[in-house]
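Note: the block below is input-v2.txt and it holds compact mmCIF, C-alpha atoms.
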```txt
# COMPACT_ATOMS: atom_id res chain seq x y z
CA MET A 432 111.00 109.63 95.40
CA LYS A 433 109.89 106.17 96.44
CA ASP A 434 108.37 103.82 93.88
CA TYR A 435 105.14 103.28 95.80
CA GLU A 436 103.69 100.87 93.25
CA ALA A 437 106.76 98.63 93.50
CA LEU A 438 106.62 98.76 97.31
CA SER A 439 102.90 97.93 97.34
CA LYS A 440 103.42 95.03 94.95
CA LYS A 441 106.21 93.60 97.11
CA HIS A 442 104.19 94.07 100.30
CA PHE A 443 101.02 92.39 99.04
CA ASP A 444 102.84 89.65 97.15
CA ALA A 445 104.32 88.66 100.51
CA GLN A 446 100.94 88.76 102.28
CA ALA A 447 98.81 87.08 99.62
CA ALA A 448 98.97 83.44 100.74
CA GLU A 449 97.66 84.17 104.23
CA TYR A 450 95.85 87.47 103.68
CA ASP A 451 92.28 86.18 103.99
CA ALA A 452 93.04 83.95 106.96
CA ARG A 453 94.81 86.63 109.02
CA ASP A 454 91.93 88.83 110.15
CA THR A 455 94.10 91.53 111.74
CA TYR A 456 94.61 95.25 111.23
CA TYR A 457 97.71 94.85 109.05
CA TYR A 458 96.16 92.08 106.98
CA SER A 459 92.50 91.72 105.97
CA GLN A 460 90.51 93.13 108.90
CA ASN A 461 89.69 96.55 107.45
CA GLY A 462 89.48 95.12 103.96
CA LYS A 463 86.72 92.76 105.02
CA ILE A 464 84.87 95.58 106.78
CA SER A 465 84.98 97.68 103.61
CA CYS A 466 84.06 94.81 101.31
CA ARG A 467 81.05 93.81 103.38
CA ASP A 468 79.86 97.41 103.49
CA ILE A 469 80.18 97.78 99.71
CA ALA A 470 78.37 94.46 99.14
CA ARG A 471 75.53 95.63 101.39
CA ARG A 472 75.17 98.88 99.45
CA LEU A 473 75.10 97.07 96.10
CA LYS A 474 72.30 94.64 97.00
CA ALA A 475 69.63 96.98 95.64
CA VAL A 476 71.71 98.34 92.74
CA PRO A 477 71.11 96.90 89.25
CA TYR A 478 74.33 96.28 87.34
CA GLU A 479 75.69 93.97 84.67
CA ASN A 480 79.41 94.85 84.67
CA LEU A 481 81.47 95.62 87.75
CA LEU A 482 85.17 96.45 88.09
CA ASP A 483 86.93 96.10 91.43
CA VAL A 484 90.16 98.13 91.43
CA GLY A 485 92.71 96.86 93.93
CA CYS A 486 90.75 93.63 94.20
CA GLY A 487 93.33 91.75 96.25
CA THR A 488 92.29 88.15 96.82
CA GLY A 489 88.87 88.71 95.26
CA PHE A 490 87.07 88.86 98.61
CA LEU A 491 84.55 91.50 97.49
CA ILE A 492 83.83 89.90 94.13
CA ASP A 493 83.30 86.57 95.86
CA LEU A 494 80.69 88.18 98.13
CA LEU A 495 78.94 89.88 95.22
CA ALA A 496 78.94 86.88 92.89
CA LYS A 497 77.15 84.79 95.51
CA GLU A 498 74.32 87.32 95.53
CA LYS A 499 74.07 88.51 91.93
CA LYS A 500 74.94 87.13 88.52
CA ALA A 501 77.01 89.64 86.55
CA ALA A 502 80.31 90.08 84.74
CA TYR A 503 82.95 90.81 87.38
CA THR A 504 86.48 92.04 86.73
CA GLY A 505 89.12 92.36 89.41
CA LEU A 506 92.37 94.26 88.89
CA ASP A 507 95.33 94.33 91.25
CA LEU A 508 98.99 95.29 91.12
CA SER A 509 100.02 92.16 93.04
CA GLU A 510 100.42 89.06 90.90
CA GLU A 511 100.26 86.86 94.00
CA MET A 512 96.97 88.40 95.13
CA VAL A 513 95.52 87.86 91.65
CA LYS A 514 96.73 84.26 91.74
CA VAL A 515 94.83 83.65 95.00
CA ALA A 516 91.71 85.30 93.55
CA ARG A 517 91.83 83.12 90.43
CA GLU A 518 92.18 79.98 92.54
CA LYS A 519 88.78 80.72 94.09
CA GLN A 520 87.19 80.08 90.66
CA ILE A 521 84.42 82.63 91.21
CA ASN A 522 81.62 82.28 88.71
CA GLY A 523 81.54 85.12 86.17
CA ALA A 524 84.78 86.66 87.40
CA GLU A 525 88.03 87.53 85.65
CA PHE A 526 91.15 88.71 87.49
CA ILE A 527 94.06 90.57 85.91
CA THR A 528 97.17 92.43 87.02
CA GLY A 529 97.39 96.13 86.36
CA SER A 530 97.67 99.65 87.76
CA SER A 531 94.79 101.79 89.01
CA GLU A 532 96.34 104.72 87.18
CA ARG A 533 96.37 102.98 83.80
CA LEU A 534 93.24 100.85 83.56
CA PRO A 535 93.40 98.56 80.49
CA PHE A 536 89.74 99.05 79.57
CA SER A 537 87.81 101.10 77.04
CA ASP A 538 85.72 104.11 77.97
CA ALA A 539 82.29 103.71 79.57
CA GLY A 540 82.38 99.93 79.94
CA PHE A 541 81.27 99.39 83.55
CA ASP A 542 78.12 100.05 85.55
CA VAL A 543 80.01 100.07 88.84
CA VAL A 544 83.64 100.60 89.87
CA THR A 545 84.63 99.70 93.43
CA CYS A 546 87.81 100.33 95.41
CA SER A 547 88.27 98.94 98.92
CA GLN A 548 91.25 99.59 101.18
CA SER A 549 93.75 100.24 98.39
CA PHE A 550 93.31 103.92 97.56
CA HIS A 551 95.87 105.03 100.17
CA HIS A 552 98.48 103.05 98.18
CA TYR A 553 97.96 105.03 94.96
CA PRO A 554 100.81 107.53 94.41
CA HIS A 555 98.68 109.67 92.07
CA PRO A 556 95.12 109.41 93.43
CA GLU A 557 93.77 111.99 91.02
CA LYS A 558 94.80 109.76 88.09
CA ALA A 559 93.10 106.75 89.67
CA MET A 560 89.88 108.72 90.08
CA GLN A 561 90.04 110.02 86.53
CA GLU A 562 90.50 106.47 85.26
CA ALA A 563 87.55 105.23 87.32
CA TYR A 564 85.45 108.04 85.86
CA ARG A 565 86.59 107.23 82.33
CA VAL A 566 85.67 103.53 82.42
CA LEU A 567 82.27 104.09 84.04
CA LYS A 568 79.08 104.42 82.05
CA LYS A 569 77.06 107.60 82.44
CA GLY A 570 75.12 107.31 85.68
CA GLY A 571 77.51 104.61 86.93
CA LEU A 572 78.65 104.39 90.54
CA TYR A 573 82.13 104.69 92.01
CA ILE A 574 82.17 103.21 95.51
CA LEU A 575 85.36 103.84 97.46
CA SER A 576 85.92 102.51 100.97
CA ASP A 577 89.19 103.15 102.79
CA THR A 578 90.88 103.93 106.08
CA GLY A 579 92.11 107.46 106.59
CA ILE A 580 92.28 110.56 108.73
CA GLY A 581 92.57 114.27 108.19
CA GLY A 582 93.95 117.12 110.27
CA ILE A 583 97.27 116.94 112.09
CA GLY A 584 97.15 113.13 112.22
CA GLY A 585 96.84 112.94 108.47
CA TRP A 586 99.70 115.41 108.06
CA VAL A 587 101.96 113.30 110.28
CA ASP A 588 101.06 110.13 108.33
CA ASN A 589 101.59 111.73 104.92
CA HIS A 590 104.75 113.70 105.65
CA ILE A 591 106.55 111.57 108.25
CA LEU A 592 105.21 108.07 108.94
CA PHE A 593 104.56 106.92 105.36
CA LYS A 594 107.94 108.21 104.25
CA LEU A 595 109.57 105.87 106.78
CA MET A 596 107.47 102.82 105.88
CA ASN A 597 108.09 100.37 103.05
CA SER A 598 104.59 98.93 102.70
CA GLY A 599 103.54 101.18 99.83
CA ASP A 600 101.22 103.37 101.93
CA CYS A 601 101.69 106.85 100.55
CA HIS A 602 98.82 109.14 101.55
CA THR A 603 95.80 109.35 103.79
CA THR A 604 92.72 111.53 103.94
CA ASN A 605 89.31 111.38 105.55
CA ARG A 606 85.98 110.91 103.81
CA GLN A 607 85.57 114.66 103.33
CA GLY A 608 88.88 114.69 101.47
CA ILE A 609 87.80 111.76 99.29
CA ALA A 610 84.51 113.52 98.52
CA ARG A 611 86.40 116.63 97.38
CA GLN A 612 88.66 114.52 95.17
CA MET A 613 85.64 112.80 93.63
CA GLU A 614 84.02 116.14 92.86
CA SER A 615 87.24 117.37 91.26
CA ALA A 616 87.23 114.27 89.04
CA GLY A 617 83.69 115.06 87.86
CA PHE A 618 81.64 112.83 90.15
CA HIS A 619 78.50 113.87 92.00
CA VAL A 620 78.89 112.60 95.56
CA ILE A 621 75.69 110.85 96.62
CA GLY A 622 76.85 109.16 99.82
CA SER A 623 79.50 109.50 102.51
CA GLU A 624 79.53 107.54 105.75
CA LYS A 625 81.88 106.50 108.55
CA ILE A 626 81.46 102.74 108.97
CA HIS A 627 84.06 101.74 111.57
CA ARG A 628 86.58 103.85 113.51
CA PHE A 629 88.62 105.46 110.72
CA VAL A 630 87.02 103.36 107.94
CA TYR A 631 84.58 105.14 105.63
CA THR A 632 82.71 104.64 102.37
CA VAL A 633 82.09 107.39 99.81
CA ILE A 634 79.92 107.00 96.71
CA GLY A 635 80.18 109.08 93.56
CA GLN A 636 78.01 108.98 90.45
CA LYS A 637 79.22 109.81 86.95
CA GLN A 638 77.28 112.70 85.46
```

Structure re-expressed in structure tokens:
Amino acid sequence: MKDYEALSKKHFDAQAAEYDARDTYYYSQNGKISCRDIARRLKAVPYENLLDVGCGTGFLIDLLAKEKKAAYTGLDLSEEMVKVAREKQINGAEFITGSSERLPFSDAGFDVVTCSQSFHHYPHPEKAMQEAYRVLKKGGLYILSDTGIGGIGGWVDNHILFKLMNSGDCHTTNRQGIARQMESAGFHVIGSEKIHRFVYTVIGQKQ
């Protein structure tokens, strides 16, 4: 079996230096779409502590910090992505390396957990969701935005295409599939919307 975390780390380490500047499909285009959508949804949400899992270059946290003062934490597997994020010197933000499946935080410490355009790189998505649930406070929000499809296209991606690629992509699903995974992890799904072509945002709340 492929080591998808190692492949993702290698892939994004190589892209980090020019990731923000290259606004294309295989770089930051969909990431920016997701981040801007999440930032829009959080404008009216009160929070003091936010964790962005798969934070990349800190694009989302940079958007949020310009609008709201809070304690922001970004976590990413790629050391080079984290390096770029730190260089932005975002007020109130801390960036660390780590895995979505093993979050180095205590239980119930965050008001909001976000995840934009990285979930399809997680080899064990159920573990990532369980970890997001664990570190959220009761009533906290999990906002996940990603690119994915279901049906025969999703089957081809998951069972053929991704097995041939070395970018760390390992699974895809549509927003209905993400909603089912959230419910299995204990979340109450309070929002699900297609935002651009195959890009969607799904929101779960910890009960």

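In this model, the gap between atom CA of A:Asp538 and atom CA of A:Tyr564 comes to 8.8 Å.
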
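The residue set within 9 Å of stretch 455-464 of chain A, counting only C-alpha atoms and dropping same-chain residues fewer than 4 places from it, reads A:Gln446, A:Glu449, A:Tyr450, A:Asp451, A:Asp468, A:Ile469, A:Phe490, A:Leu491, A:Ser547, A:Gln548, A:Ser549, A:Ser576, A:Asp577, A:Thr578, A:Ile626, A:His627, A:Val630.
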
With all atoms listed in the file counted, which protein, DNA or RNA residues have an atom no more than 9 Å from (83.2, 106.2, 87.5) in the file frame? Please answer as a VMD selection string. chain A and resid 539 541 to 545 560 to 574 617 to 618 635 to 637

Find the spatial neighbours of A:Asp483, counting all atoms listed in the file, within a cut-off of 8 Å - ignore same-chain residues fewer than 2 positions away - and output them as an MDAnalysis selection string. chainID A and resid 481 485:486 491:492 503:506 544:546

Work out how far apart atom CA of A:Gly599 and atom CA of A:His552 are and give it in Å to one decimal. 5.6 Å

Counting all atoms listed in the file, which residue out of A:His551, A:His619, A:His590, A:Lys625 sits closest to A:Thr604? A:His551
